[in-house]
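Coordinates from upload.tsv are shown below (TSV, N, CA and C atoms).
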chain	number	residue	atom	x	y	z
A	151	MET	N	-134.71	-34.93	-67.54
A	151	MET	CA	-135.95	-35.70	-67.46
A	151	MET	C	-137.09	-34.85	-68.02
A	152	GLN	N	-137.72	-35.35	-69.05
A	152	GLN	CA	-138.78	-34.59	-69.71
A	152	GLN	C	-139.93	-34.26	-68.76
A	153	TRP	N	-140.28	-35.20	-67.90
A	153	TRP	CA	-141.42	-34.95	-67.01
A	153	TRP	C	-141.14	-33.80	-66.06
A	154	ALA	N	-139.88	-33.52	-65.80
A	154	ALA	CA	-139.52	-32.51	-64.81
A	154	ALA	C	-139.19	-31.16	-65.43
A	155	ASP	N	-139.48	-30.99	-66.73
A	155	ASP	CA	-139.23	-29.70	-67.36
A	155	ASP	C	-139.87	-28.58	-66.55
A	156	GLY	N	-139.09	-27.61	-66.21
A	156	GLY	CA	-139.60	-26.46	-65.46
A	156	GLY	C	-139.48	-26.58	-63.96
A	157	VAL	N	-139.25	-27.79	-63.45
A	157	VAL	CA	-139.11	-27.97	-62.01
A	157	VAL	C	-137.68	-27.59	-61.61
A	158	LYS	N	-137.59	-26.57	-60.78
A	158	LYS	CA	-136.28	-26.13	-60.32
A	158	LYS	C	-135.95	-26.62	-58.91
A	159	LYS	N	-137.00	-26.87	-58.14
A	159	LYS	CA	-136.77	-27.21	-56.74
A	159	LYS	C	-138.02	-27.87	-56.16
A	160	ILE	N	-137.81	-28.77	-55.20
A	160	ILE	CA	-138.91	-29.38	-54.45
A	160	ILE	C	-138.68	-29.02	-52.98
A	161	VAL	N	-139.72	-28.47	-52.35
A	161	VAL	CA	-139.63	-28.05	-50.96
A	161	VAL	C	-140.66	-28.83	-50.15
A	162	TYR	N	-140.21	-29.47	-49.09
A	162	TYR	CA	-141.11	-30.20	-48.19
A	162	TYR	C	-141.45	-29.29	-47.03
A	163	VAL	N	-142.74	-29.07	-46.81
A	163	VAL	CA	-143.18	-28.11	-45.80
A	163	VAL	C	-143.90	-28.80	-44.65
A	164	PRO	N	-143.93	-28.17	-43.48
A	164	PRO	CA	-144.66	-28.74	-42.35
A	164	PRO	C	-146.16	-28.84	-42.65
A	165	PRO	N	-146.85	-29.76	-42.00
A	165	PRO	CA	-148.29	-29.93	-42.22
A	165	PRO	C	-149.05	-28.63	-41.99
A	166	GLY	N	-150.08	-28.43	-42.82
A	166	GLY	CA	-150.94	-27.27	-42.66
A	166	GLY	C	-150.42	-25.98	-43.24
A	167	ARG	N	-149.28	-25.99	-43.87
A	167	ARG	CA	-148.69	-24.77	-44.40
A	167	ARG	C	-149.11	-24.46	-45.84
A	168	LEU	N	-149.70	-25.44	-46.52
A	168	LEU	CA	-150.11	-25.20	-47.90
A	168	LEU	C	-151.54	-24.68	-47.94
A	169	PRO	N	-151.89	-23.91	-48.97
A	169	PRO	CA	-153.23	-23.31	-49.04
A	169	PRO	C	-154.34	-24.35	-49.12
A	170	SER	N	-155.42	-24.07	-48.43
A	170	SER	CA	-156.64	-24.89	-48.47
A	170	SER	C	-156.41	-26.35	-48.09
A	171	GLY	N	-155.40	-26.62	-47.29
A	171	GLY	CA	-155.16	-27.99	-46.85
A	171	GLY	C	-154.72	-28.93	-47.96
A	172	THR	N	-154.28	-28.39	-49.07
A	172	THR	CA	-153.84	-29.23	-50.19
A	172	THR	C	-152.56	-29.97	-49.83
A	173	PRO	N	-152.35	-31.18	-50.35
A	173	PRO	CA	-151.14	-31.94	-50.03
A	173	PRO	C	-149.90	-31.44	-50.76
A	174	ALA	N	-150.11	-30.73	-51.86
A	174	ALA	CA	-148.98	-30.22	-52.64
A	174	ALA	C	-149.46	-29.05	-53.49
A	175	SER	N	-148.52	-28.21	-53.86
A	175	SER	CA	-148.84	-27.11	-54.77
A	175	SER	C	-147.57	-26.74	-55.52
A	176	VAL	N	-147.72	-25.87	-56.49
A	176	VAL	CA	-146.59	-25.49	-57.31
A	176	VAL	C	-146.62	-23.99	-57.56
A	177	SER	N	-145.45	-23.40	-57.56
A	177	SER	CA	-145.30	-22.02	-57.99
A	177	SER	C	-144.88	-22.08	-59.45
A	178	ARG	N	-145.80	-21.77	-60.34
A	178	ARG	CA	-145.47	-21.85	-61.76
A	178	ARG	C	-144.46	-20.77	-62.13
A	179	ALA	N	-144.49	-19.65	-61.46
A	179	ALA	CA	-143.56	-18.56	-61.75
A	179	ALA	C	-142.12	-18.93	-61.37
A	180	LYS	N	-141.97	-19.67	-60.27
A	180	LYS	CA	-140.63	-19.98	-59.77
A	180	LYS	C	-140.17	-21.42	-60.05
A	181	GLY	N	-141.11	-22.27	-60.50
A	181	GLY	CA	-140.75	-23.66	-60.77
A	181	GLY	C	-140.50	-24.48	-59.52
A	182	ILE	N	-141.19	-24.12	-58.44
A	182	ILE	CA	-141.00	-24.81	-57.16
A	182	ILE	C	-142.23	-25.65	-56.83
A	183	ILE	N	-142.01	-26.91	-56.50
A	183	ILE	CA	-143.08	-27.78	-56.02
A	183	ILE	C	-142.99	-27.81	-54.50
A	184	PHE	N	-144.13	-27.56	-53.85
A	184	PHE	CA	-144.22	-27.61	-52.39
A	184	PHE	C	-145.03	-28.85	-52.02
A	185	ILE	N	-144.51	-29.65	-51.10
A	185	ILE	CA	-145.18	-30.88	-50.69
A	185	ILE	C	-145.27	-30.94	-49.18
A	186	ASP	N	-146.46	-31.27	-48.68
A	186	ASP	CA	-146.66	-31.47	-47.25
A	186	ASP	C	-145.82	-32.68	-46.81
A	187	ARG	N	-144.90	-32.45	-45.91
A	187	ARG	CA	-143.96	-33.47	-45.46
A	187	ARG	C	-144.66	-34.72	-44.90
A	188	GLU	N	-145.72	-34.53	-44.13
A	188	GLU	CA	-146.41	-35.68	-43.53
A	188	GLU	C	-147.16	-36.48	-44.58
A	189	VAL	N	-147.75	-35.81	-45.54
A	189	VAL	CA	-148.43	-36.51	-46.64
A	189	VAL	C	-147.41	-37.35	-47.40
A	190	TRP	N	-146.27	-36.76	-47.70
A	190	TRP	CA	-145.21	-37.45	-48.45
A	190	TRP	C	-144.82	-38.75	-47.76
A	191	LYS	N	-144.70	-38.71	-46.44
A	191	LYS	CA	-144.29	-39.90	-45.67
A	191	LYS	C	-145.29	-41.05	-45.81
A	192	ARG	N	-146.57	-40.73	-46.01
A	192	ARG	CA	-147.61	-41.75	-46.07
A	192	ARG	C	-147.76	-42.40	-47.45
A	193	LEU	N	-147.09	-41.87	-48.45
A	193	LEU	CA	-147.25	-42.38	-49.81
A	193	LEU	C	-146.20	-43.43	-50.15
A	194	THR	N	-146.59	-44.36	-51.01
A	194	THR	CA	-145.63	-45.32	-51.54
A	194	THR	C	-144.76	-44.62	-52.58
A	195	PRO	N	-143.63	-45.21	-52.96
A	195	PRO	CA	-142.80	-44.59	-54.00
A	195	PRO	C	-143.56	-44.34	-55.31
A	196	ASP	N	-144.41	-45.27	-55.73
A	196	ASP	CA	-145.19	-45.06	-56.96
A	196	ASP	C	-146.15	-43.88	-56.80
A	197	GLN	N	-146.81	-43.79	-55.66
A	197	GLN	CA	-147.73	-42.69	-55.42
A	197	GLN	C	-147.00	-41.36	-55.35
A	198	ARG	N	-145.81	-41.37	-54.78
A	198	ARG	CA	-145.00	-40.14	-54.73
A	198	ARG	C	-144.67	-39.67	-56.15
A	199	PHE	N	-144.30	-40.62	-57.01
A	199	PHE	CA	-143.96	-40.25	-58.37
A	199	PHE	C	-145.17	-39.65	-59.08
A	200	PHE	N	-146.36	-40.24	-58.85
A	200	PHE	CA	-147.55	-39.67	-59.49
A	200	PHE	C	-147.79	-38.24	-58.98
A	201	LEU	N	-147.64	-38.02	-57.70
A	201	LEU	CA	-147.80	-36.68	-57.13
A	201	LEU	C	-146.82	-35.70	-57.78
A	202	LEU	N	-145.57	-36.10	-57.91
A	202	LEU	CA	-144.58	-35.23	-58.55
A	202	LEU	C	-144.93	-34.97	-60.01
A	203	LEU	N	-145.36	-36.01	-60.71
A	203	LEU	CA	-145.79	-35.81	-62.10
A	203	LEU	C	-146.94	-34.82	-62.19
A	204	HIS	N	-147.91	-34.97	-61.29
A	204	HIS	CA	-149.06	-34.07	-61.31
A	204	HIS	C	-148.60	-32.62	-61.14
A	205	GLU	N	-147.79	-32.36	-60.14
A	205	GLU	CA	-147.34	-30.98	-59.90
A	205	GLU	C	-146.46	-30.48	-61.04
A	206	ALA	N	-145.59	-31.34	-61.57
A	206	ALA	CA	-144.77	-30.95	-62.71
A	206	ALA	C	-145.64	-30.66	-63.93
A	207	GLY	N	-146.77	-31.36	-64.02
A	207	GLY	CA	-147.70	-31.13	-65.13
A	207	GLY	C	-148.25	-29.72	-65.14
A	208	HIS	N	-148.47	-29.15	-63.96
A	208	HIS	CA	-148.92	-27.76	-63.91
A	208	HIS	C	-147.89	-26.85	-64.58
A	209	LEU	N	-146.61	-27.14	-64.36
A	209	LEU	CA	-145.55	-26.34	-64.97
A	209	LEU	C	-145.46	-26.61	-66.47
A	210	ARG	N	-145.41	-27.85	-66.83
A	210	ARG	CA	-145.23	-28.23	-68.24
A	210	ARG	C	-146.37	-27.73	-69.11
A	211	LEU	N	-147.59	-27.88	-68.61
A	211	LEU	CA	-148.76	-27.47	-69.39
A	211	LEU	C	-149.13	-26.00	-69.18
A	212	LYS	N	-148.49	-25.38	-68.19
A	212	LYS	CA	-148.82	-23.99	-67.81
A	212	LYS	C	-150.33	-23.88	-67.55
A	213	SER	N	-150.80	-24.79	-66.72
A	213	SER	CA	-152.24	-24.92	-66.50
A	213	SER	C	-152.58	-25.03	-65.02
A	214	ARG	N	-153.73	-24.47	-64.69
A	214	ARG	CA	-154.30	-24.65	-63.35
A	214	ARG	C	-155.40	-25.71	-63.36
A	215	ASN	N	-155.72	-26.21	-64.54
A	215	ASN	CA	-156.81	-27.17	-64.71
A	215	ASN	C	-156.39	-28.53	-64.15
A	216	GLU	N	-156.96	-28.90	-63.01
A	216	GLU	CA	-156.57	-30.14	-62.33
A	216	GLU	C	-156.86	-31.39	-63.17
A	217	LYS	N	-157.97	-31.41	-63.86
A	217	LYS	CA	-158.32	-32.60	-64.66
A	217	LYS	C	-157.37	-32.75	-65.85
A	218	GLU	N	-157.02	-31.65	-66.47
A	218	GLU	CA	-156.06	-31.68	-67.58
A	218	GLU	C	-154.70	-32.17	-67.09
A	219	VAL	N	-154.28	-31.68	-65.94
A	219	VAL	CA	-152.99	-32.07	-65.38
A	219	VAL	C	-153.02	-33.54	-64.93
A	220	ASP	N	-154.13	-33.98	-64.33
A	220	ASP	CA	-154.27	-35.39	-63.96
A	220	ASP	C	-154.10	-36.28	-65.20
A	221	ASP	N	-154.72	-35.88	-66.30
A	221	ASP	CA	-154.65	-36.67	-67.53
A	221	ASP	C	-153.21	-36.75	-68.04
A	222	TRP	N	-152.53	-35.62	-68.07
A	222	TRP	CA	-151.13	-35.61	-68.52
A	222	TRP	C	-150.27	-36.48	-67.60
A	223	ALA	N	-150.43	-36.31	-66.29
A	223	ALA	CA	-149.65	-37.08	-65.32
A	223	ALA	C	-149.91	-38.58	-65.50
A	224	PHE	N	-151.16	-38.95	-65.72
A	224	PHE	CA	-151.48	-40.37	-65.90
A	224	PHE	C	-150.77	-40.92	-67.13
A	225	ARG	N	-150.82	-40.21	-68.25
A	225	ARG	CA	-150.18	-40.69	-69.47
A	225	ARG	C	-148.66	-40.85	-69.28
A	226	GLU	N	-148.04	-39.89	-68.62
A	226	GLU	CA	-146.61	-39.97	-68.35
A	226	GLU	C	-146.29	-41.15	-67.43
A	227	TYR	N	-147.12	-41.33	-66.44
A	227	TYR	CA	-146.95	-42.39	-65.45
A	227	TYR	C	-147.08	-43.77	-66.12
A	228	ALA	N	-148.14	-43.92	-66.91
A	228	ALA	CA	-148.42	-45.21	-67.55
A	228	ALA	C	-147.34	-45.57	-68.57
A	229	LYS	N	-146.88	-44.60	-69.35
A	229	LYS	CA	-145.90	-44.95	-70.37
A	229	LYS	C	-144.55	-45.35	-69.78
A	230	ARG	N	-144.34	-45.05	-68.51
A	230	ARG	CA	-143.12	-45.47	-67.83
A	230	ARG	C	-143.27	-46.83	-67.14
A	231	GLY	N	-144.47	-47.43	-67.29
A	231	GLY	CA	-144.69	-48.78	-66.79
A	231	GLY	C	-145.08	-48.88	-65.33
A	232	TYR	N	-145.46	-47.77	-64.71
A	232	TYR	CA	-145.91	-47.83	-63.32
A	232	TYR	C	-147.27	-48.51	-63.25
A	233	ARG	N	-147.56	-49.06	-62.09
A	233	ARG	CA	-148.85	-49.74	-61.90
A	233	ARG	C	-149.98	-48.72	-61.93
A	234	LEU	N	-150.93	-48.94	-62.82
A	234	LEU	CA	-152.04	-48.01	-63.00
A	234	LEU	C	-152.82	-47.80	-61.71
A	235	SER	N	-152.98	-48.87	-60.96
A	235	SER	CA	-153.75	-48.79	-59.71
A	235	SER	C	-153.13	-47.78	-58.75
A	236	GLN	N	-151.82	-47.64	-58.77
A	236	GLN	CA	-151.17	-46.72	-57.84
A	236	GLN	C	-151.49	-45.25	-58.15
A	237	SER	N	-151.76	-44.96	-59.42
A	237	SER	CA	-152.17	-43.59	-59.76
A	237	SER	C	-153.55	-43.30	-59.16
A	238	ILE	N	-154.39	-44.32	-59.12
A	238	ILE	CA	-155.71	-44.16	-58.51
A	238	ILE	C	-155.57	-44.03	-56.99
A	239	TYR	N	-154.77	-44.92	-56.41
A	239	TYR	CA	-154.57	-44.86	-54.96
A	239	TYR	C	-153.95	-43.54	-54.53
A	240	ALA	N	-153.07	-42.99	-55.37
A	240	ALA	CA	-152.48	-41.68	-55.04
A	240	ALA	C	-153.58	-40.65	-54.86
A	241	LEU	N	-154.52	-40.61	-55.80
A	241	LEU	CA	-155.61	-39.63	-55.69
A	241	LEU	C	-156.51	-39.93	-54.51
A	242	THR	N	-156.80	-41.21	-54.27
A	242	THR	CA	-157.70	-41.52	-53.15
A	242	THR	C	-157.07	-41.15	-51.82
A	243	ARG	N	-155.74	-41.17	-51.75
A	243	ARG	CA	-155.06	-40.81	-50.49
A	243	ARG	C	-154.87	-39.31	-50.35
A	244	LEU	N	-154.93	-38.58	-51.46
A	244	LEU	CA	-154.60	-37.16	-51.45
A	244	LEU	C	-155.80	-36.23	-51.49
A	245	LEU	N	-156.91	-36.70	-52.04
A	245	LEU	CA	-158.05	-35.80	-52.24
A	245	LEU	C	-159.10	-35.96	-51.15
A	246	ASN	N	-159.92	-34.95	-51.03
A	246	ASN	CA	-160.97	-34.89	-50.01
A	246	ASN	C	-162.32	-35.10	-50.69
A	247	TYR	N	-163.03	-36.16	-50.32
A	247	TYR	CA	-164.27	-36.49	-51.01
A	247	TYR	C	-165.49	-35.71	-50.54
A	248	ASP	N	-165.28	-34.77	-49.63
A	248	ASP	CA	-166.35	-33.81	-49.35
A	248	ASP	C	-166.44	-32.81	-50.49
A	249	ASN	N	-165.42	-32.76	-51.31
A	249	ASN	CA	-165.36	-31.87	-52.46
A	249	ASN	C	-165.76	-32.67	-53.70
A	250	PRO	N	-166.91	-32.34	-54.34
A	250	PRO	CA	-167.38	-33.11	-55.50
A	250	PRO	C	-166.37	-33.15	-56.65
A	251	GLU	N	-165.59	-32.10	-56.83
A	251	GLU	CA	-164.58	-32.09	-57.90
A	251	GLU	C	-163.51	-33.16	-57.64
A	252	HIS	N	-163.17	-33.37	-56.38
A	252	HIS	CA	-162.18	-34.39	-56.05
A	252	HIS	C	-162.69	-35.79	-56.37
A	253	LEU	N	-163.95	-36.03	-56.07
A	253	LEU	CA	-164.55	-37.33	-56.41
A	253	LEU	C	-164.56	-37.51	-57.92
A	254	GLU	N	-164.93	-36.47	-58.64
A	254	GLU	CA	-164.95	-36.55	-60.11
A	254	GLU	C	-163.56	-36.85	-60.67
A	255	ARG	N	-162.54	-36.22	-60.11
A	255	ARG	CA	-161.18	-36.46	-60.57
A	255	ARG	C	-160.77	-37.92	-60.37
A	256	THR	N	-161.16	-38.49	-59.25
A	256	THR	CA	-160.81	-39.89	-58.99
A	256	THR	C	-161.56	-40.82	-59.94
A	257	LEU	N	-162.83	-40.53	-60.18
A	257	LEU	CA	-163.59	-41.36	-61.12
A	257	LEU	C	-163.02	-41.26	-62.53
A	258	LEU	N	-162.57	-40.09	-62.92
A	258	LEU	CA	-161.92	-39.94	-64.22
A	258	LEU	C	-160.62	-40.75	-64.28
A	259	GLN	N	-159.90	-40.78	-63.17
A	259	GLN	CA	-158.64	-41.53	-63.12
A	259	GLN	C	-158.91	-43.03	-63.26
A	260	ILE	N	-159.96	-43.51	-62.62
A	260	ILE	CA	-160.34	-44.92	-62.76
A	260	ILE	C	-160.68	-45.22	-64.21
A	261	ALA	N	-161.44	-44.33	-64.85
A	261	ALA	CA	-161.81	-44.53	-66.25
A	261	ALA	C	-160.57	-44.52	-67.15
A	262	ARG	N	-159.63	-43.62	-66.88
A	262	ARG	CA	-158.38	-43.58	-67.66
A	262	ARG	C	-157.62	-44.91	-67.54
A	263	ALA	N	-157.52	-45.39	-66.31
A	263	ALA	CA	-156.78	-46.63	-66.06
A	263	ALA	C	-157.46	-47.81	-66.76
A	264	LYS	N	-158.76	-47.88	-66.68
A	264	LYS	CA	-159.49	-48.97	-67.35
A	264	LYS	C	-159.28	-48.91	-68.86
A	265	HIS	N	-159.42	-47.72	-69.42
A	265	HIS	CA	-159.26	-47.55	-70.87
A	265	HIS	C	-157.84	-47.93	-71.30
A	266	TYR	N	-156.86	-47.45	-70.58
A	266	TYR	CA	-155.46	-47.76	-70.90
A	266	TYR	C	-155.21	-49.26	-70.80
A	267	ASP	N	-155.69	-49.87	-69.75
A	267	ASP	CA	-155.48	-51.30	-69.54
A	267	ASP	C	-156.13	-52.11	-70.66
A	268	ARG	N	-157.31	-51.67	-71.10
A	268	ARG	CA	-158.00	-52.36	-72.20
A	268	ARG	C	-157.27	-52.16	-73.52
A	269	THR	N	-157.00	-50.91	-73.87
A	269	THR	CA	-156.48	-50.61	-75.20
A	269	THR	C	-154.98	-50.88	-75.36
A	270	VAL	N	-154.20	-50.61	-74.34
A	270	VAL	CA	-152.75	-50.78	-74.46
A	270	VAL	C	-152.30	-52.16	-73.96
A	271	ASN	N	-152.83	-52.59	-72.85
A	271	ASN	CA	-152.41	-53.86	-72.26
A	271	ASN	C	-153.26	-55.05	-72.74
A	272	GLY	N	-154.36	-54.77	-73.43
A	272	GLY	CA	-155.22	-55.83	-73.93
A	272	GLY	C	-155.99	-56.57	-72.86
A	273	ASN	N	-156.14	-55.96	-71.70
A	273	ASN	CA	-156.86	-56.59	-70.60
A	273	ASN	C	-158.36	-56.41	-70.82
A	274	THR	N	-159.02	-57.44	-71.27
A	274	THR	CA	-160.46	-57.36	-71.55
A	274	THR	C	-161.31	-57.67	-70.32
A	275	ARG	N	-160.67	-58.06	-69.22
A	275	ARG	CA	-161.42	-58.39	-68.00
A	275	ARG	C	-161.62	-57.19	-67.10
A	276	VAL	N	-161.17	-56.04	-67.51
A	276	VAL	CA	-161.28	-54.84	-66.66
A	276	VAL	C	-162.72	-54.46	-66.50
This structure in structure tokens:
Amino acid sequence: MQWADGVKKIVYVPPGRLPSGTPASVSRAKGIIFIDREVWKRLTPDQRFFLLLHEAGHLRLKSRNEKEVDDWAFREYAKRGYRLSQSIYALTRLLNYDNPEHLERTLLQIARAKHYDRTVNGNTRV
């Protein structure tokens, strides 16, 4: 699977074990994705896939840049036919809006979804 290039293992961890209360993280050196077990349980299958794509994006792009990785994950998600709204819901369920960067990331995701829906799906009512 191209999206999973570099992913060697996924580890589900108890709540509160990841740095800074993040729902997931990745060891780029080891190719391991770590996911908060309780967060995982609350996500729909589509949202879970977006989360996995996002973390795999850190490996594939060799990047710590969250916005760059969000963009890559969105493109991979959309081209597989997943519902665009679920990529937005994934971020709204995972990010903390006390953090201005998290709000910005969600707004960028909404803009990506609107643009994709307009240009690829021909939805002019967006």
- Task: Select from region 170-257 of chain A everything DSSP, run on the backbone, classes as alpha helix (DSSP H), then give the selection as number ranges by chain.
- Result: A: 187-192, 195-211, 216-229, 234-244, 250-257
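Between Ala174 (chain A) and the candidates A:Glu205, A:Ile160, A:Thr194, A:Trp153, the tightest atom-to-atom separation, counting all atoms listed in the file, involves A:Glu205.
Going from CA of Gly231 (chain A) over to CA of Gln259 (chain A), you cover 16.1 Å.
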- Task: Find the distance between atom C of Arg210 (chain A) and CA of Arg178 (chain A) and write it in Å to one decimal.
- Result: 9.5 Å
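By all atoms listed in the file, and with residues fewer than 3 positions from Lys180 (chain A) along its chain excluded, the set lying at most 7 Å from it is Gly156, Val157, Lys158, Lys159, Val176, Ser177 and Ile183 of chain A.
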With N, CA and C atoms retained, could you export that selection as a compact mmCIF listing (two decimals), in the coordinates of the input?
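The result, written out as out26.txt:
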# COMPACT_ATOMS: atom_id res chain seq x y z
N GLY A 156 -139.09 -27.61 -66.21
CA GLY A 156 -139.60 -26.46 -65.46
C GLY A 156 -139.48 -26.58 -63.96
N VAL A 157 -139.25 -27.79 -63.45
CA VAL A 157 -139.11 -27.97 -62.01
C VAL A 157 -137.68 -27.59 -61.61
N LYS A 158 -137.59 -26.57 -60.78
CA LYS A 158 -136.28 -26.13 -60.32
C LYS A 158 -135.95 -26.62 -58.91
N LYS A 159 -137.00 -26.87 -58.14
CA LYS A 159 -136.77 -27.21 -56.74
C LYS A 159 -138.02 -27.87 -56.16
N VAL A 176 -147.72 -25.87 -56.49
CA VAL A 176 -146.59 -25.49 -57.31
C VAL A 176 -146.62 -23.99 -57.56
N SER A 177 -145.45 -23.40 -57.56
CA SER A 177 -145.30 -22.02 -57.99
C SER A 177 -144.88 -22.08 -59.45
N ILE A 183 -142.01 -26.91 -56.50
CA ILE A 183 -143.08 -27.78 -56.02
C ILE A 183 -142.99 -27.81 -54.50
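Of the residues listed (A:Tyr232, A:Asn273, A:Ala240, A:Glu254), A:Glu254 shows the shortest atom-to-atom separation from Glu216 (chain A); distances use only C-alpha atoms.
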- Task: Using only C-alpha atoms, determine which residues lie at most 12 Å from Leu257 (chain A), disregarding the query and same-chain residues fewer than 4 positions distant; provide the list as a ChimeraX atom specification.
- Result: /A:217,220-221,237-239,241-242,245,247,250-253,261-264
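In this comparison, which uses only C-alpha atoms, the residue of A:Ile182, A:Leu209, A:Leu234, A:Val219 approaching Asp196 (chain A) most closely is A:Leu234.
In this structure, atom N of Arg233 (chain A) sits 22.4 Å away from atom N of Ser175 (chain A).
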- May I have all residues of chain A that DSSP, computed from the backbone, assigns to strand (DSSP E or B), given as a list of chain:residue names? A:Lys159, A:Ile160, A:Val161, A:Tyr162, A:Val163, A:Ala174, A:Ser175, A:Val176, A:Ser177, A:Ile182, A:Ile183, A:Phe184, A:Ile185, A:Asp186
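With all atoms listed in the file as the basis for measurement, A:Gln236 is the residue among A:Asp186, A:Asn271, A:Ile260, A:Gln236 that approaches Arg198 (chain A) most closely.
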- For each of A:Ala223, A:Asn249, A:Thr274, A:Pro195, take the minimum atom-to-atom distance to His208 (chain A), counting all atoms listed in the file, then give the residue where this is smallest. A:Ala223
Output region 225-237 of chain A as an mmCIF file, keeping the file's coordinate frame, making sure N, CA, C and O atoms are there.
data_model
loop_
_atom_site.group_PDB
_atom_site.id
_atom_site.type_symbol
_atom_site.label_atom_id
_atom_site.label_comp_id
_atom_site.auth_asym_id
_atom_site.auth_seq_id
_atom_site.Cartn_x
_atom_site.Cartn_y
_atom_site.Cartn_z
ATOM 1 N N ARG A 225 -150.820 -40.210 -68.250
ATOM 2 C CA ARG A 225 -150.180 -40.690 -69.470
ATOM 3 C C ARG A 225 -148.660 -40.850 -69.280
ATOM 4 O O ARG A 225 -148.086 -41.850 -69.704
ATOM 5 N N GLU A 226 -148.040 -39.890 -68.620
ATOM 6 C CA GLU A 226 -146.610 -39.970 -68.350
ATOM 7 C C GLU A 226 -146.290 -41.150 -67.430
ATOM 8 O O GLU A 226 -145.310 -41.862 -67.621
ATOM 9 N N TYR A 227 -147.120 -41.330 -66.440
ATOM 10 C CA TYR A 227 -146.950 -42.390 -65.450
ATOM 11 C C TYR A 227 -147.080 -43.770 -66.120
ATOM 12 O O TYR A 227 -146.243 -44.648 -65.937
ATOM 13 N N ALA A 228 -148.140 -43.920 -66.910
ATOM 14 C CA ALA A 228 -148.420 -45.210 -67.550
ATOM 15 C C ALA A 228 -147.340 -45.570 -68.570
ATOM 16 O O ALA A 228 -146.915 -46.727 -68.632
ATOM 17 N N LYS A 229 -146.880 -44.600 -69.350
ATOM 18 C CA LYS A 229 -145.900 -44.950 -70.370
ATOM 19 C C LYS A 229 -144.550 -45.350 -69.780
ATOM 20 O O LYS A 229 -143.733 -45.958 -70.451
ATOM 21 N N ARG A 230 -144.340 -45.050 -68.510
ATOM 22 C CA ARG A 230 -143.120 -45.470 -67.830
ATOM 23 C C ARG A 230 -143.270 -46.830 -67.140
ATOM 24 O O ARG A 230 -142.368 -47.315 -66.487
ATOM 25 N N GLY A 231 -144.470 -47.430 -67.290
ATOM 26 C CA GLY A 231 -144.690 -48.780 -66.790
ATOM 27 C C GLY A 231 -145.080 -48.880 -65.330
ATOM 28 O O GLY A 231 -145.070 -49.968 -64.757
ATOM 29 N N TYR A 232 -145.460 -47.770 -64.710
ATOM 30 C CA TYR A 232 -145.910 -47.830 -63.320
ATOM 31 C C TYR A 232 -147.270 -48.510 -63.250
ATOM 32 O O TYR A 232 -148.027 -48.522 -64.219
ATOM 33 N N ARG A 233 -147.560 -49.060 -62.090
ATOM 34 C CA ARG A 233 -148.850 -49.740 -61.900
ATOM 35 C C ARG A 233 -149.980 -48.720 -61.930
ATOM 36 O O ARG A 233 -149.983 -47.765 -61.141
ATOM 37 N N LEU A 234 -150.930 -48.940 -62.820
ATOM 38 C CA LEU A 234 -152.040 -48.010 -63.000
ATOM 39 C C LEU A 234 -152.820 -47.800 -61.710
ATOM 40 O O LEU A 234 -153.257 -46.691 -61.416
ATOM 41 N N SER A 235 -152.980 -48.870 -60.960
ATOM 42 C CA SER A 235 -153.750 -48.790 -59.710
ATOM 43 C C SER A 235 -153.130 -47.780 -58.750
ATOM 44 O O SER A 235 -153.849 -47.121 -57.994
ATOM 45 N N GLN A 236 -151.820 -47.640 -58.770
ATOM 46 C CA GLN A 236 -151.170 -46.720 -57.840
ATOM 47 C C GLN A 236 -151.490 -45.250 -58.150
ATOM 48 O O GLN A 236 -151.485 -44.411 -57.269
ATOM 49 N N SER A 237 -151.760 -44.960 -59.420
ATOM 50 C CA SER A 237 -152.170 -43.590 -59.760
ATOM 51 C C SER A 237 -153.550 -43.300 -59.160
ATOM 52 O O SER A 237 -153.818 -42.180 -58.739
#
